[in-house]
Amino acid sequence: MSDKADPCPKSAVSHGVGVAGLVGLGLWTLVARHYGMNGPNAGFAAVVACGLPMVSWSLLVDKVHRRASTGIDWTAPARPWRAVLDVSIVKIAGLWATWLAIAVFYCIARWYWSGDYRLSMNVLMGAAPWLLAASVPYVIWLDRRLVEPRDAGYAFGQWVIGGAAGAADKAEVAHHARAWAVKGFFLAFMLSIVPGNFASVVEWRIEDAVSHPVALASFLIAVMFMIDVCMATVGYMLTCKPLDSHIRTANPLLAGWVAALICYPPFVLMGNGGPLDYHAGGAEWDVWTRGHGVLQWLLGGWLVLLTAIYAWATVAFGLRFSNLTHRGILTHGPYRWTRHPAYLSKNLFWWFSALPFLSLSGSLTDVVRNCALLGVTNAVYYWRAKTEEAHLSADSEYRAYSEWMARNGVVPRFFAWAAGRKPLSAVQPAE
């Protein structure tokens with residue numbers, strides 16, 4: 001069925017947003033490489049370098065601030081600040097209480113004060129006074145323009161202050177708490193891995209990168225991971241209504257949270273020595289292809305392609321990347337092939353990079369164990385995908401996209417063919 005006969009639902013993000021971010025990130029990376037800037041500040045500057053062009057494109061070209069989904073009416077005159085001050089004070093109290101709760105969690109959780117996480121804590125502590133000062137004029141400015149300023153942030157402020165502010169809507173309080181739990185948990189993680197991923201690209205010498213196929217593949221894979229990390233970090237940082245990148249809903253399903261959190265530190269199960277570590281007695285692809293140049297080119301190229309799809313899936317989000325949230329439905333880029341391009345490419349990458357069906361020890365036990373554990377890891381990501389679909393399916397736009405994907409998506413149609421099912425597009429409508 002052609003796109004003209006069955007058009008894909010409109011995407012909440014345009015192609016231009018991600019491309020603008022890529023250009024900014026690419027230019028800054030070239031500057032950093034030229035001057036040998038590979039420290040943490042250069043890594044964080046890379047986040048700014050890709051974030052600013054995306055913000056500019058979103059506002060100047062896509063004009064996302066004019067969308068009704070922002071909840072802002074720019075055509076109406078702004079309310080006097082005195083008219084919204086009571087509401088704003090409640091929201092500021094709720095916002096500061098939220099930040100305090102996140103700070104207390106950081107203090108309690110010891111892993112935030114060692115290794116790469118310590119850098120995240122230093123960045124957030126440095127930013128805290130500025131965020132506190134800026135939050136007051138920002139909240140008042142936004143409340144003057146919101147169609148309905150009494151949102152989830154207001155409900156949480158009511159809950160914090162108590163009876164004097166009125167009874168809080170418990171559903172909105174829960175939504176606020178979930179949204180900020182996502183941001184607090186994942187932003188610290190992303191900030192912790194930005195410098196290392198950026199340095200892994202800047203420190204490569206070109207002559208080394210092109211010396212043999214394994215080196216070239218490793219360099220290009222590092223570039224793709226850097227793009228993914230920088231873009232994703234921008235997404236977690238710029239969660240706000242004027243950019244239409246706010247969190248509509250955070251996943252309310254406990255299964256969704258469990259499936260996601262076991263894939264990230266400190267709860268990660270797939271790491272070295274973890275319960276789902278599938279590397280025992282094995283080796284990476286470069287070991288098994290040593291001395292086989294053609295095979296190295298083919299397998300290395302395939303791994304680079306899978307990583308590129310993975311990075312492209314993040315770039316497609318523009319300003320809106322985030323786990324466990326609904327921030328607008330994406331239907332462009334790799335999301336025209338499958339609902340979960342990042343999960344699919346990532347899991348395929350693990351099979352072809354780890355080659356768990358081969359063992360240095362020659363132990364059949366290691367082979368069986370590694371293949372089984374990687375299979376369980378794949379199942380975890382399938383579980384994550386299903387919980388995300390269950391969450392997003394509350395939105396009619398996602399349901400329309402999901403139905404379109406079942407009829408037209410390359411990957412769903414392939415699996416339907418492999419399973420012997422007739423593709424939905426081939427089913428004739430009832431008379």
# chains A, B, ... in the order shown; residues from 1 in each chain; ligands from 1
$ residues_around --residues "segment 284-301 of chain A" --least-positions-apart "6" --cutoff "12 Å" --atoms "only C-alpha atoms" --output "list in words"
Val210, His212, Pro213, Val214, Ala215, Leu216, Ala217, Ser218, Phe219, Leu220, Ile221, Tyr278, Thr307, Ala308, Phe349, Trp350, Trp351, Phe352, Ser353, Ala354, Leu355, Pro356, Phe357, Leu358, Ser359 and Leu360 of chain A
$ residues_around --residues "segment 27-38 of chain A" --least-positions-apart "3" --cutoff "6 Å" --atoms "only C-alpha atoms" --output "VMD selection string"
chain A and resid 24 42 199 202
$ write_last_selection --atoms "N, CA and C atoms" --output "PDB file, in the first residue's frame"
ATOM      1  N   GLY A  24      25.678  21.076  14.557  1.00  0.00           N
ATOM      2  CA  GLY A  24      26.330  21.760  15.674  1.00  0.00           C
ATOM      3  C   GLY A  24      27.312  20.877  16.406  1.00  0.00           C
ATOM      4  N   ALA A  42      34.831  20.203  27.691  1.00  0.00           N
ATOM      5  CA  ALA A  42      34.638  20.085  26.246  1.00  0.00           C
ATOM      6  C   ALA A  42      33.472  19.145  25.943  1.00  0.00           C
ATOM      7  N   ALA A 199      35.330  12.200  24.757  1.00  0.00           N
ATOM      8  CA  ALA A 199      36.785  12.007  24.719  1.00  0.00           C
ATOM      9  C   ALA A 199      37.162  10.809  23.856  1.00  0.00           C
ATOM     10  N   VAL A 202      37.371  12.313  20.374  1.00  0.00           N
ATOM     11  CA  VAL A 202      38.389  13.360  20.197  1.00  0.00           C
ATOM     12  C   VAL A 202      39.796  12.787  20.258  1.00  0.00           C
TER      13      VAL A 202
END
$ residues_around --residues "Lys63 of chain A" --least-positions-apart "5" --cutoff "9 Å" --atoms "only C-alpha atoms" --output "list in words"
Trp57, Ser58 and Leu243 of chain A
$ residues_around --residues "Ala168 of chain A" --least-positions-apart "6" --cutoff "12 Å" --atoms "only C-alpha atoms" --output "JSON, numbers by chain"
{"A": [90, 91, 94, 150, 151, 152, 153, 154, 155, 156, 157, 158, 159, 160, 161, 162, 174, 176]}
$ closest_residue --among "A:Thr325, A:Ser361, A:Asn370, A:Thr70" --to "Ala250 of chain A" --atoms "only C-alpha atoms"
A:Thr325
$ residues_around --residues "segment 266-269 of chain A" --least-positions-apart "6" --cutoff "10 Å" --atoms "only C-alpha atoms" --output "count of residues only"
10
$ select_by_dssp --residues "segment 70-239 of chain A" --states "helix (DSSP H, G or I)" --output "ChimeraX atom specification"
/A:70,81-108,110-113,117-143,152-161,163-165,170-202,206-209,213-237
$ select_by_dssp --residues "segment 29-265 of chain A" --states "strand (DSSP E or B)" --output "ChimeraX atom specification"
/A:72,146,249-250
$ write_last_selection --atoms "all heavy atoms" --output "PDB file, in the first residue's frame"
ATOM      1  N   ILE A  72       0.085  27.013  25.905  1.00  0.00           N
ATOM      2  CA  ILE A  72       0.340  28.453  25.963  1.00  0.00           C
ATOM      3  C   ILE A  72      -0.460  29.144  24.862  1.00  0.00           C
ATOM      4  O   ILE A  72      -0.474  28.694  23.710  1.00  0.00           O
ATOM      5  CB  ILE A  72       1.837  28.757  25.778  1.00  0.00           C
ATOM      6  CG1 ILE A  72       2.662  28.038  26.857  1.00  0.00           C
ATOM      7  CG2 ILE A  72       2.102  30.257  25.827  1.00  0.00           C
ATOM      8  CD1 ILE A  72       4.153  28.127  26.639  1.00  0.00           C
ATOM      9  N   LEU A 146       0.142  30.713  30.306  1.00  0.00           N
ATOM     10  CA  LEU A 146      -0.506  29.415  30.202  1.00  0.00           C
ATOM     11  C   LEU A 146      -2.026  29.554  30.181  1.00  0.00           C
ATOM     12  O   LEU A 146      -2.593  30.367  30.921  1.00  0.00           O
ATOM     13  CB  LEU A 146      -0.099  28.514  31.365  1.00  0.00           C
ATOM     14  CG  LEU A 146       1.311  27.909  31.328  1.00  0.00           C
ATOM     15  CD1 LEU A 146       1.628  27.212  32.650  1.00  0.00           C
ATOM     16  CD2 LEU A 146       1.445  26.930  30.165  1.00  0.00           C
ATOM     17  N   THR A 249       2.980  12.543  29.758  1.00  0.00           N
ATOM     18  CA  THR A 249       2.761  11.572  30.830  1.00  0.00           C
ATOM     19  C   THR A 249       4.042  10.770  31.026  1.00  0.00           C
ATOM     20  O   THR A 249       4.804  10.561  30.080  1.00  0.00           O
ATOM     21  CB  THR A 249       1.618  10.588  30.497  1.00  0.00           C
ATOM     22  OG1 THR A 249       1.895   9.924  29.257  1.00  0.00           O
ATOM     23  CG2 THR A 249       0.288  11.307  30.394  1.00  0.00           C
ATOM     24  N   ALA A 250       4.272  10.343  32.246  1.00  0.00           N
ATOM     25  CA  ALA A 250       5.338   9.393  32.540  1.00  0.00           C
ATOM     26  C   ALA A 250       4.689   8.034  32.771  1.00  0.00           C
ATOM     27  O   ALA A 250       3.567   7.955  33.281  1.00  0.00           O
ATOM     28  CB  ALA A 250       6.128   9.825  33.767  1.00  0.00           C
TER      29      ALA A 250
END
$ atom_distance --atom1 "atom CA of Leu95 of chain A" --atom2 "atom CA of Arg320 of chain A"
20.8 Å
$ closest_residue --among "A:Ala179, A:Leu364, A:Ala188, A:Val376" --to "Trp113 of chain A" --atoms "only C-alpha atoms"
A:Ala188
$ closest_residue --among "A:Val48, A:Val182, A:Pro80, A:Ser56" --to "Ile102 of chain A" --atoms "only C-alpha atoms"
A:Val182
$ closest_residue --among "A:Leu305, A:Val315, A:Ala379, A:Val13" --to "Thr233 of chain A" --atoms "only C-alpha atoms"
A:Val315
$ closest_residue --among "A:Val368, A:Leu52, A:Val194, A:Ala5" --to "Pro40 of chain A" --atoms "only C-alpha atoms"
A:Val194
